[in-house]
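Shown next: my_file00.txt, given as compact mmCIF, C-alpha atoms and all ligand atoms.
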```txt
# COMPACT_ATOMS: atom_id res chain seq x y z
CA MET A 1 141.45 88.60 98.27
CA PRO A 2 140.24 85.43 100.09
CA SER A 3 140.21 82.24 97.98
CA PHE A 4 136.95 80.73 96.75
CA GLU A 5 135.63 78.03 94.44
CA TYR A 6 134.33 79.21 91.06
CA SER A 7 131.76 77.50 88.85
CA THR A 8 129.98 78.37 85.58
CA PRO A 9 126.72 76.41 85.39
CA THR A 10 124.99 76.33 82.01
CA THR A 11 121.42 75.84 83.22
CA VAL A 12 119.31 77.58 85.84
CA ASP A 13 118.74 74.23 87.62
CA GLN A 14 122.49 73.65 87.91
CA ALA A 15 122.97 77.20 89.20
CA ILE A 16 120.26 76.71 91.84
CA ALA A 17 121.80 73.39 92.96
CA LEU A 18 125.18 75.13 93.38
CA LEU A 19 123.64 78.13 95.15
CA ASN A 20 122.01 75.81 97.67
CA GLN A 21 125.47 74.81 98.91
CA SER A 22 126.57 76.73 101.98
CA GLY A 23 128.60 79.88 101.38
CA ALA A 24 127.73 80.11 97.67
CA SER A 25 126.99 83.47 96.06
CA ALA A 26 125.70 84.38 92.59
CA LEU A 27 128.07 86.39 90.40
CA ALA A 28 126.54 88.50 87.61
CA GLY A 29 128.57 91.45 86.25
CA GLY A 30 130.57 91.63 89.47
CA THR A 31 130.50 95.46 89.66
CA ASP A 32 129.14 95.32 93.22
CA LEU A 33 130.16 91.85 94.34
CA LEU A 34 133.84 91.96 93.41
CA ILE A 35 134.26 95.33 95.14
CA HIS A 36 132.65 93.93 98.30
CA LEU A 37 134.83 90.82 98.04
CA ARG A 38 138.04 92.84 97.78
CA ALA A 39 136.95 95.07 100.67
CA GLY A 40 136.28 91.98 102.83
CA ILE A 41 132.60 92.89 103.24
CA VAL A 42 131.61 89.45 101.91
CA ALA A 43 133.62 86.21 101.83
CA PRO A 44 131.76 83.60 99.77
CA LYS A 45 133.20 80.07 99.65
CA GLN A 46 131.94 79.67 96.10
CA LEU A 47 131.07 82.07 93.29
CA VAL A 48 128.40 80.81 90.92
CA ASP A 49 128.97 82.71 87.69
CA LEU A 50 125.63 83.28 85.89
CA SER A 51 127.17 84.40 82.59
CA ALA A 52 126.68 81.04 80.78
CA LEU A 53 122.95 80.93 81.57
CA ASP A 54 120.53 81.93 78.85
CA LEU A 55 119.39 85.05 80.75
CA ASN A 56 120.52 87.76 78.42
CA TYR A 57 117.62 89.00 76.30
CA VAL A 58 114.88 91.58 75.79
CA ARG A 59 111.71 90.05 74.31
CA LYS A 60 108.19 91.25 73.74
CA ASP A 61 105.31 88.80 73.50
CA ASP A 62 101.57 89.10 74.22
CA GLY A 63 101.98 92.67 75.45
CA ILE A 64 104.65 91.68 78.01
CA ILE A 65 108.25 92.85 77.85
CA ARG A 66 110.61 90.26 79.32
CA ILE A 67 114.17 91.18 80.22
CA GLY A 68 116.61 88.46 81.24
CA ALA A 69 118.29 89.15 84.58
CA MET A 70 121.78 89.03 82.98
CA THR A 71 121.01 91.78 80.45
CA THR A 72 123.55 94.56 80.89
CA PHE A 73 122.69 98.26 81.02
CA ALA A 74 124.55 98.76 77.72
CA GLU A 75 122.22 96.18 76.13
CA ILE A 76 119.17 97.83 77.70
CA LEU A 77 120.23 101.15 76.21
CA ASP A 78 120.67 99.44 72.86
CA SER A 79 117.26 97.77 72.88
CA ASP A 80 114.64 99.25 70.53
CA VAL A 81 111.91 97.62 72.62
CA VAL A 82 113.10 99.28 75.84
CA ARG A 83 113.67 102.66 74.21
CA ARG A 84 110.22 102.64 72.62
CA ASP A 85 108.07 100.96 75.28
CA LEU A 86 109.95 101.58 78.54
CA PRO A 87 111.79 104.85 77.80
CA CYS A 88 112.08 105.68 81.46
CA LEU A 89 114.16 102.51 82.02
CA ALA A 90 116.41 103.46 79.10
CA GLU A 91 116.87 106.90 80.67
CA SER A 92 117.99 105.31 83.92
CA ALA A 93 120.38 102.91 82.12
CA ALA A 94 122.06 105.91 80.50
CA GLU A 95 122.73 107.34 83.97
CA ILE A 96 124.43 104.26 85.43
CA GLY A 97 128.17 104.70 85.95
CA ALA A 98 130.35 105.06 82.87
CA VAL A 99 130.39 102.94 79.75
CA GLN A 100 132.73 100.36 81.36
CA THR A 101 130.25 99.84 84.21
CA ARG A 102 127.27 99.69 81.85
CA ASN A 103 129.04 97.02 79.79
CA MET A 104 129.33 94.76 82.85
CA ALA A 105 126.55 95.68 85.28
CA THR A 106 123.32 93.72 84.85
CA LEU A 107 119.73 94.72 85.51
CA GLY A 108 119.26 91.65 87.75
CA GLY A 109 122.38 92.56 89.76
CA ASN A 110 121.21 96.15 90.22
CA LEU A 111 117.85 95.00 91.61
CA CYS A 112 119.40 92.23 93.76
CA SER A 113 121.86 94.70 95.28
CA ALA A 114 118.68 96.36 96.66
CA VAL A 115 120.48 99.56 97.57
CA PRO A 116 118.05 102.47 98.13
CA SER A 117 119.72 104.41 95.27
CA ALA A 118 119.59 101.62 92.62
CA ASP A 119 118.83 103.57 89.44
CA SER A 120 116.80 100.89 87.68
CA ALA A 121 114.35 100.56 90.59
CA PRO A 122 112.16 103.71 90.26
CA PRO A 123 111.51 103.23 86.50
CA LEU A 124 110.59 99.59 86.97
CA LEU A 125 108.35 100.47 89.93
CA VAL A 126 106.41 102.99 87.81
CA TYR A 127 105.99 100.36 85.08
CA ASP A 128 104.53 97.97 87.72
CA ALA A 129 107.28 95.44 86.94
CA ARG A 130 107.32 91.90 88.26
CA VAL A 131 110.37 89.75 88.90
CA LYS A 132 110.52 86.05 88.13
CA ILE A 133 112.39 84.10 90.77
CA ALA A 134 113.58 80.50 90.39
CA GLY A 135 114.47 78.17 93.26
CA SER A 136 114.48 74.48 94.12
CA ASP A 137 110.67 74.65 94.66
CA GLY A 138 110.03 76.06 91.16
CA GLU A 139 109.36 79.58 89.91
CA ARG A 140 107.36 82.46 91.38
CA LEU A 141 106.43 85.92 90.13
CA VAL A 142 106.76 88.76 92.66
CA PRO A 143 105.69 92.40 92.19
CA LEU A 144 108.91 94.45 92.24
CA GLU A 145 107.40 96.55 95.03
CA GLN A 146 107.58 93.50 97.31
CA PHE A 147 111.12 92.56 96.22
CA PHE A 148 112.86 95.33 98.18
CA VAL A 149 112.54 94.46 101.85
CA GLY A 150 115.21 96.69 103.46
CA PRO A 151 118.49 98.47 102.72
CA LYS A 152 120.53 95.94 100.66
CA LYS A 153 117.91 93.27 101.42
CA ASN A 154 115.75 91.58 98.82
CA ALA A 155 113.03 88.95 98.93
CA LEU A 156 115.19 86.12 97.56
CA LYS A 157 115.34 83.05 99.79
CA PRO A 158 118.68 81.24 100.12
CA GLY A 159 119.45 79.36 96.90
CA GLU A 160 117.05 81.43 94.77
CA LEU A 161 117.89 83.31 91.57
CA LEU A 162 116.26 86.31 89.96
CA ILE A 163 115.86 85.17 86.37
CA GLU A 164 113.59 87.66 84.57
CA ILE A 165 112.05 91.12 84.88
CA GLN A 166 108.63 91.62 83.30
CA ALA A 167 106.60 94.73 82.52
CA SER A 168 103.43 95.23 80.49
CA VAL A 169 103.58 97.38 77.37
CA PRO A 170 102.21 100.77 78.48
CA LEU A 171 98.81 101.89 77.17
CA PRO A 172 98.44 104.65 74.58
CA ARG A 173 98.59 108.22 75.96
CA THR A 174 101.30 107.25 78.44
CA GLY A 175 104.31 109.38 79.26
CA ALA A 176 107.16 108.66 81.65
CA ARG A 177 110.38 110.24 82.86
CA PHE A 178 113.40 109.29 85.00
CA LEU A 179 115.48 112.01 86.67
CA LYS A 180 118.55 111.63 88.83
CA LEU A 181 120.42 114.05 91.00
CA GLY A 182 123.98 113.06 91.86
CA ARG A 183 126.90 114.86 93.50
CA ARG A 184 128.63 115.06 90.15
CA LYS A 185 127.21 115.28 86.64
CA ALA A 186 128.37 111.76 85.77
CA MET A 187 129.41 108.50 87.44
CA SER A 188 127.89 109.15 90.82
CA LEU A 189 125.32 107.35 92.91
CA ALA A 190 121.99 109.12 93.22
CA VAL A 191 121.39 111.65 95.96
CA VAL A 192 117.78 111.32 94.81
CA ASN A 193 116.32 109.53 91.80
CA VAL A 194 112.74 109.80 90.62
CA ALA A 195 110.51 108.18 88.01
CA ALA A 196 106.98 109.16 87.07
CA ARG A 197 104.47 107.64 84.65
CA LEU A 198 101.12 109.15 83.63
CA THR A 199 98.46 107.52 81.48
CA LEU A 200 95.71 109.88 80.32
CA GLY A 201 92.13 109.03 79.34
CA GLN A 202 90.71 109.48 75.85
CA ASP A 203 89.95 113.14 76.61
CA HIS A 204 93.75 113.65 77.03
CA ARG A 205 93.08 115.31 80.41
CA ARG A 206 91.88 112.81 83.00
CA VAL A 207 94.64 110.85 84.74
CA GLU A 208 93.65 107.24 84.24
CA ASN A 209 96.71 105.82 85.94
CA VAL A 210 99.75 107.35 87.61
CA ARG A 211 102.85 106.01 89.30
CA ILE A 212 105.57 107.97 91.10
CA ALA A 213 108.63 106.26 92.60
CA LEU A 214 111.73 107.57 94.34
CA GLY A 215 115.11 106.20 95.36
CA ALA A 216 117.70 107.18 97.99
CA VAL A 217 115.05 108.82 100.18
CA ALA A 218 113.91 105.82 102.25
CA PRO A 219 115.33 102.42 103.31
CA THR A 220 114.20 100.98 99.96
CA PRO A 221 113.23 102.40 96.55
CA ARG A 222 109.51 103.11 96.98
CA ARG A 223 106.35 104.43 95.41
CA ALA A 224 104.86 107.74 96.59
CA LYS A 225 101.28 106.52 96.89
CA ARG A 226 99.82 109.60 98.57
CA ALA A 227 101.23 111.74 95.77
CA GLU A 228 99.76 109.34 93.20
CA SER A 229 96.31 109.66 94.81
CA VAL A 230 96.43 113.46 94.36
CA LEU A 231 96.42 112.95 90.58
CA GLN A 232 94.60 109.65 90.10
CA GLY A 233 91.20 110.21 88.41
CA SER A 234 91.52 114.01 88.22
CA ASP A 235 92.11 116.35 85.31
CA VAL A 236 95.84 116.96 85.12
CA SER A 237 97.03 120.55 85.59
CA GLU A 238 100.16 122.37 86.66
CA SER A 239 98.71 123.12 90.08
CA LEU A 240 97.73 119.48 90.66
CA ILE A 241 101.23 118.35 89.68
CA ASP A 242 102.61 120.88 92.14
CA ARG A 243 100.39 119.44 94.89
CA ALA A 244 101.43 115.89 94.01
CA ALA A 245 105.11 116.86 94.14
CA ARG A 246 104.62 118.38 97.61
CA ALA A 247 102.80 115.26 98.76
CA ALA A 248 105.70 113.10 97.50
CA ALA A 249 108.22 115.23 99.41
CA ASP A 250 106.09 114.89 102.56
CA GLU A 251 105.73 111.13 102.46
CA ILE A 252 109.38 110.13 101.98
CA ALA A 253 111.79 109.40 104.83
CA PRO A 254 115.19 110.73 103.75
CA ILE A 255 118.30 110.60 105.93
CA SER A 256 121.35 112.87 106.09
CA ASP A 257 124.58 111.20 105.03
CA LEU A 258 127.87 111.99 103.28
CA ARG A 259 126.11 112.74 100.02
CA ALA A 260 123.31 115.10 101.19
CA THR A 261 121.21 116.29 104.10
CA ALA A 262 117.67 115.03 104.61
CA THR A 263 116.34 118.57 104.01
CA PHE A 264 118.17 118.81 100.68
CA ARG A 265 116.88 115.39 99.64
CA ARG A 266 113.29 116.31 100.51
CA GLU A 267 113.38 119.58 98.56
CA SER A 268 115.18 117.94 95.60
CA SER A 269 112.55 115.21 95.57
CA ARG A 270 109.78 117.80 95.27
CA VAL A 271 111.52 119.53 92.37
CA LEU A 272 112.37 116.27 90.53
CA VAL A 273 108.88 114.80 90.97
CA LYS A 274 107.37 118.01 89.58
CA ARG A 275 109.71 117.97 86.57
CA ALA A 276 109.23 114.25 85.92
CA LEU A 277 105.43 114.52 86.09
CA THR A 278 105.41 117.59 83.85
CA HIS A 279 107.51 115.79 81.23
CA ALA A 280 105.35 112.64 81.51
CA TRP A 281 102.24 114.79 80.97
CA GLN A 282 103.73 116.44 77.86
CA MET A 283 104.72 113.02 76.53
CA ALA A 284 101.26 111.58 77.20
CA THR A 285 99.65 114.39 75.18
CA GLY A 286 102.18 113.91 72.35
CA GLU A 287 103.82 117.30 72.97
CA THR A 288 107.21 115.66 73.52
CA LYS A 289 108.59 112.33 72.35
CA PRO A 290 110.29 109.63 74.46
CA ASN A 291 113.93 110.49 75.21
CA ASP A 292 113.44 114.18 74.28
C1 LIG B 301 132.14 102.67 89.05
C2 LIG B 301 130.75 102.24 89.41
C3 LIG B 301 129.69 103.10 89.15
C4 LIG B 301 128.39 102.72 89.49
N1 LIG B 301 127.36 103.59 89.22
C5 LIG B 301 126.09 103.22 89.51
C6 LIG B 301 125.02 104.12 89.23
O1 LIG B 301 125.20 105.22 88.71
N2 LIG B 301 123.75 103.69 89.54
C7 LIG B 301 123.50 102.48 90.12
O2 LIG B 301 122.33 102.15 90.37
N3 LIG B 301 124.51 101.62 90.39
C8 LIG B 301 125.79 101.97 90.12
N4 LIG B 301 126.82 101.11 90.41
C9 LIG B 301 126.50 99.84 91.10
C10 LIG B 301 126.46 98.59 90.21
O3 LIG B 301 127.06 98.78 88.95
C11 LIG B 301 125.08 98.05 90.04
O4 LIG B 301 124.40 97.79 91.24
C12 LIG B 301 125.08 96.77 89.16
O5 LIG B 301 123.93 96.86 88.37
C13 LIG B 301 125.13 95.43 89.86
O6 LIG B 301 125.00 94.42 88.86
P1 LIG B 301 126.11 93.32 88.61
O7 LIG B 301 125.67 92.53 87.44
O8 LIG B 301 127.46 93.91 88.54
O9 LIG B 301 125.94 92.48 89.96
P2 LIG B 301 126.99 91.72 90.85
O10 LIG B 301 127.99 92.66 91.43
O11 LIG B 301 127.53 90.52 90.16
O12 LIG B 301 125.99 91.23 92.01
C14 LIG B 301 125.39 92.11 92.92
C15 LIG B 301 124.63 91.30 93.98
O13 LIG B 301 123.46 90.73 93.44
C16 LIG B 301 123.52 89.29 93.49
N5 LIG B 301 122.98 88.86 92.18
C17 LIG B 301 123.35 89.34 90.96
N6 LIG B 301 122.55 88.82 90.00
C18 LIG B 301 121.70 87.98 90.64
C19 LIG B 301 120.61 87.16 90.17
N7 LIG B 301 120.26 87.12 88.89
N8 LIG B 301 119.92 86.44 91.09
C20 LIG B 301 120.28 86.49 92.41
N9 LIG B 301 121.26 87.26 92.90
C21 LIG B 301 121.97 88.00 92.02
C22 LIG B 301 124.98 88.93 93.72
O14 LIG B 301 125.09 87.70 94.43
C23 LIG B 301 125.43 90.13 94.54
O15 LIG B 301 125.04 89.95 95.89
C24 LIG B 301 128.13 101.45 90.10
C25 LIG B 301 129.20 100.58 90.33
C26 LIG B 301 130.49 100.96 90.00
C27 LIG B 301 131.61 100.01 90.29
```

Go ahead and render the structure in this file as structure tokens.
Ligand SMILES: Cc1cc2nc3c(=O)[nH]c(=O)nc-3n(C[C@H](O)[C@H](O)[C@H](O)COP(=O)(O)OP(=O)(O)OC[C@H]3O[C@@H](n4cnc5c(N)ncnc54)[C@H](O)[C@@H]3O)c2cc1C
Amino acid sequence: MPSFEYSTPTTVDQAIALLNQSGASALAGGTDLLIHLRAGIVAPKQLVDLSALDLNYVRKDDGIIRIGAMTTFAEILDSDVVRRDLPCLAESAAEIGAVQTRNMATLGGNLCSAVPSADSAPPLLVYDARVKIAGSDGERLVPLEQFFVGPKKNALKPGELLIEIQASVPLPRTGARFLKLGRRKAMSLAVVNVAARLTLGQDHRRVENVRIALGAVAPTPRRAKRAESVLQGSDVSESLIDRAARAAADEIAPISDLRATATFRRESSRVLVKRALTHAWQMATGETKPND
């Protein structure tokens, strides 16, 4: 492994000052970065370890859930707030690697890796999450949708840190579901991953708000907006969900690679979107509970 400097700043300002030096790279759980370092894919001159920063928390205030970027997937799974208010994110955390990976891997690191298959991305996209970014010019809040700019490319400028992920507490009569298809039953990257959220009106039928997001089927995790528009404002039904799932499969841009063909990804997307929406609908009407 190439040699590098190593520092453990204790404040975000110190971390940003260090990251502004040339060749510096942030180190969170290291589950991606250390593998890339050993493989010679990256060769930072300095690793800025974020573990001593106060960025490990899940808080709820004024209807906003705030998750520190250094919160691990094991902690997300353990959080009552996440399990109750953002069950779809908890479902995705349960699907990430094995327990050893979940103990180390952070939510911030998963988003910053910006791989198309990042499992935390679709759930956070359907919850309309925002990311708080800190840099030498101060802080800014960016919709997660704008954070992914290409395969393994995020919207961070040099020297910036992702410090917090925010999502609003969902309204009553909301249901959501995350589903992942991998090559194996456990410990595999997604061939396709899907999240769906439905919020129904007071009549328990009209779709007041809907979000559908998919991963591993385009250069970035992305929403399926044409599929959303099939449902938005209409009375939910099995046939409408079927139409929305077909629209989602039509609007993605999957590729063929070692893990699956584009055709398989498109068909799997249709099936997963249909299942996720159906579960979200049942949850929104109270027929099923979160994490059922
Ligand atoms: C065995 C194994 C199984 C895995 N299974 C899955 C899986 O099922 N699903 C899945 O989605 N992923 C999986 N992964 C990938 C990986 O665990 C995740 O992407 C992880 O969440 C990355 O987080 P980390 O804290 O380890 O980040 P690191 O490896 O420390 O960092 C990743 C990148 O993000 C940058 N970074 C990290 N935090 C910040 C921050 N706060 N601000 C700015 N930049 C930052 C780093 O500089 C680096 O470029 C797996 C990995 C392994 C090794």

(request) Could you please extract the residues within 7 Å of ligand LIG 301 (chain B), counting all atoms listed in the file, and hand them back as a PyMOL selection string? (result) chain A and resi 25-34+69-70+95-98+101+104-110+112-113+117-120+160-163+187-190

(request) Give the answer as one residue: which of A:Ala262, A:Ala134, A:Leu179, A:Val271 has the shortest atom-to-atom distance to A:Gly159, using all atoms listed in the file? (result)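 Nearest to A:Gly159: A:Ala134.
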
(message) Show me the residues close to (91.7, 118.9, 83.2) - anything with an atom within 6 Å, counting all atoms listed in the file - and format the list as a list in words.
(response)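 Checked against the point, the hits come out as Arg205, Asp235 and Val236 of chain A.
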
(request) Between A:Thr174, A:Cys88, A:Asp49, A:Arg246, single out the one closest to A:Ala227, counting all atoms listed in the file. (result)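 Distance minimum relative to A:Ala227 lands on A:Arg246.
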
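The interatomic distance for the pair atom CA of A:Asn103 and atom CA of A:Asn193 works out to 21.5 Å.
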
(message) Calculated over all atoms listed in the file, which of the candidates A:Gln100, A:Asn56, A:Ser22, A:Ser136 has the smallest distance to A:Ser79?
(response) A:Asn56

(request) Considering only C-alpha atoms, state which residue in the set A:Leu77, A:Ala244, A:Ala284, A:Leu181 is at the smallest distance from A:Ala90. (result)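 Of A:Leu77, A:Ala244, A:Ala284, A:Leu181, the one nearest A:Ala90 is A:Leu77, counting only C-alpha atoms.
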
Would you fill out stretch 38-57 of chain A with N, CA, C and O atoms and return it as a PDB file, in the coordinates of the input?
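Listing of selection01.pdb after writing:
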```
ATOM      1  N   ARG A  38     136.700  92.258  97.550  1.00  0.00           N
ATOM      2  CA  ARG A  38     138.040  92.840  97.780  1.00  0.00           C
ATOM      3  C   ARG A  38     138.098  93.598  99.090  1.00  0.00           C
ATOM      4  O   ARG A  38     139.109  93.601  99.779  1.00  0.00           O
ATOM      5  N   ALA A  39     136.974  94.268  99.427  1.00  0.00           N
ATOM      6  CA  ALA A  39     136.950  95.070 100.670  1.00  0.00           C
ATOM      7  C   ALA A  39     136.724  94.189 101.903  1.00  0.00           C
ATOM      8  O   ALA A  39     136.721  94.697 103.025  1.00  0.00           O
ATOM      9  N   GLY A  40     136.494  92.887 101.689  1.00  0.00           N
ATOM     10  CA  GLY A  40     136.280  91.980 102.830  1.00  0.00           C
ATOM     11  C   GLY A  40     134.897  92.095 103.437  1.00  0.00           C
ATOM     12  O   GLY A  40     134.641  91.598 104.526  1.00  0.00           O
ATOM     13  N   ILE A  41     133.967  92.751 102.715  1.00  0.00           N
ATOM     14  CA  ILE A  41     132.600  92.890 103.240  1.00  0.00           C
ATOM     15  C   ILE A  41     131.859  91.559 103.114  1.00  0.00           C
ATOM     16  O   ILE A  41     131.012  91.210 103.927  1.00  0.00           O
ATOM     17  N   VAL A  42     132.180  90.804 102.075  1.00  0.00           N
ATOM     18  CA  VAL A  42     131.610  89.450 101.910  1.00  0.00           C
ATOM     19  C   VAL A  42     132.779  88.476 101.676  1.00  0.00           C
ATOM     20  O   VAL A  42     133.840  88.871 101.186  1.00  0.00           O
ATOM     21  N   ALA A  43     132.554  87.213 102.036  1.00  0.00           N
ATOM     22  CA  ALA A  43     133.620  86.210 101.830  1.00  0.00           C
ATOM     23  C   ALA A  43     132.977  84.881 101.422  1.00  0.00           C
ATOM     24  O   ALA A  43     132.972  83.910 102.187  1.00  0.00           O
ATOM     25  N   PRO A  44     132.408  84.853 100.198  1.00  0.00           N
ATOM     26  CA  PRO A  44     131.760  83.600  99.770  1.00  0.00           C
ATOM     27  C   PRO A  44     132.771  82.474  99.603  1.00  0.00           C
ATOM     28  O   PRO A  44     133.914  82.728  99.246  1.00  0.00           O
ATOM     29  N   LYS A  45     132.302  81.225  99.869  1.00  0.00           N
ATOM     30  CA  LYS A  45     133.200  80.070  99.650  1.00  0.00           C
ATOM     31  C   LYS A  45     133.181  79.702  98.186  1.00  0.00           C
ATOM     32  O   LYS A  45     134.098  79.086  97.675  1.00  0.00           O
ATOM     33  N   GLN A  46     132.071  80.038  97.515  1.00  0.00           N
ATOM     34  CA  GLN A  46     131.940  79.670  96.100  1.00  0.00           C
ATOM     35  C   GLN A  46     131.220  80.769  95.325  1.00  0.00           C
ATOM     36  O   GLN A  46     130.189  81.273  95.771  1.00  0.00           O
ATOM     37  N   LEU A  47     131.774  81.119  94.164  1.00  0.00           N
ATOM     38  CA  LEU A  47     131.070  82.070  93.290  1.00  0.00           C
ATOM     39  C   LEU A  47     130.428  81.287  92.160  1.00  0.00           C
ATOM     40  O   LEU A  47     131.104  80.519  91.458  1.00  0.00           O
ATOM     41  N   VAL A  48     129.141  81.492  91.987  1.00  0.00           N
ATOM     42  CA  VAL A  48     128.400  80.810  90.920  1.00  0.00           C
ATOM     43  C   VAL A  48     128.179  81.834  89.815  1.00  0.00           C
ATOM     44  O   VAL A  48     127.301  82.702  89.916  1.00  0.00           O
ATOM     45  N   ASP A  49     129.002  81.744  88.787  1.00  0.00           N
ATOM     46  CA  ASP A  49     128.970  82.710  87.690  1.00  0.00           C
ATOM     47  C   ASP A  49     127.729  82.441  86.809  1.00  0.00           C
ATOM     48  O   ASP A  49     127.552  81.330  86.307  1.00  0.00           O
ATOM     49  N   LEU A  50     126.891  83.461  86.634  1.00  0.00           N
ATOM     50  CA  LEU A  50     125.630  83.280  85.890  1.00  0.00           C
ATOM     51  C   LEU A  50     125.789  83.567  84.397  1.00  0.00           C
ATOM     52  O   LEU A  50     124.814  83.499  83.649  1.00  0.00           O
ATOM     53  N   SER A  51     127.014  83.874  83.953  1.00  0.00           N
ATOM     54  CA  SER A  51     127.170  84.400  82.590  1.00  0.00           C
ATOM     55  C   SER A  51     126.878  83.355  81.494  1.00  0.00           C
ATOM     56  O   SER A  51     126.582  83.732  80.365  1.00  0.00           O
ATOM     57  N   ALA A  52     126.954  82.046  81.822  1.00  0.00           N
ATOM     58  CA  ALA A  52     126.680  81.040  80.780  1.00  0.00           C
ATOM     59  C   ALA A  52     125.206  80.636  80.747  1.00  0.00           C
ATOM     60  O   ALA A  52     124.816  79.777  79.943  1.00  0.00           O
ATOM     61  N   LEU A  53     124.388  81.244  81.609  1.00  0.00           N
ATOM     62  CA  LEU A  53     122.950  80.930  81.570  1.00  0.00           C
ATOM     63  C   LEU A  53     122.304  81.745  80.449  1.00  0.00           C
ATOM     64  O   LEU A  53     122.789  82.811  80.089  1.00  0.00           O
ATOM     65  N   ASP A  54     121.199  81.246  79.963  1.00  0.00           N
ATOM     66  CA  ASP A  54     120.530  81.930  78.850  1.00  0.00           C
ATOM     67  C   ASP A  54     119.608  83.021  79.424  1.00  0.00           C
ATOM     68  O   ASP A  54     118.383  82.952  79.290  1.00  0.00           O
ATOM     69  N   LEU A  55     120.200  84.028  80.063  1.00  0.00           N
ATOM     70  CA  LEU A  55     119.390  85.050  80.750  1.00  0.00           C
ATOM     71  C   LEU A  55     119.719  86.450  80.250  1.00  0.00           C
ATOM     72  O   LEU A  55     119.649  87.427  80.985  1.00  0.00           O
ATOM     73  N   ASN A  56     120.108  86.488  78.978  1.00  0.00           N
ATOM     74  CA  ASN A  56     120.520  87.760  78.420  1.00  0.00           C
ATOM     75  C   ASN A  56     119.653  88.069  77.196  1.00  0.00           C
ATOM     76  O   ASN A  56     119.974  87.660  76.082  1.00  0.00           O
ATOM     77  N   TYR A  57     118.539  88.751  77.418  1.00  0.00           N
ATOM     78  CA  TYR A  57     117.620  89.000  76.300  1.00  0.00           C
ATOM     79  C   TYR A  57     116.627  90.103  76.667  1.00  0.00           C
ATOM     80  O   TYR A  57     116.404  90.377  77.852  1.00  0.00           O
TER      81      TYR A  57
END
```
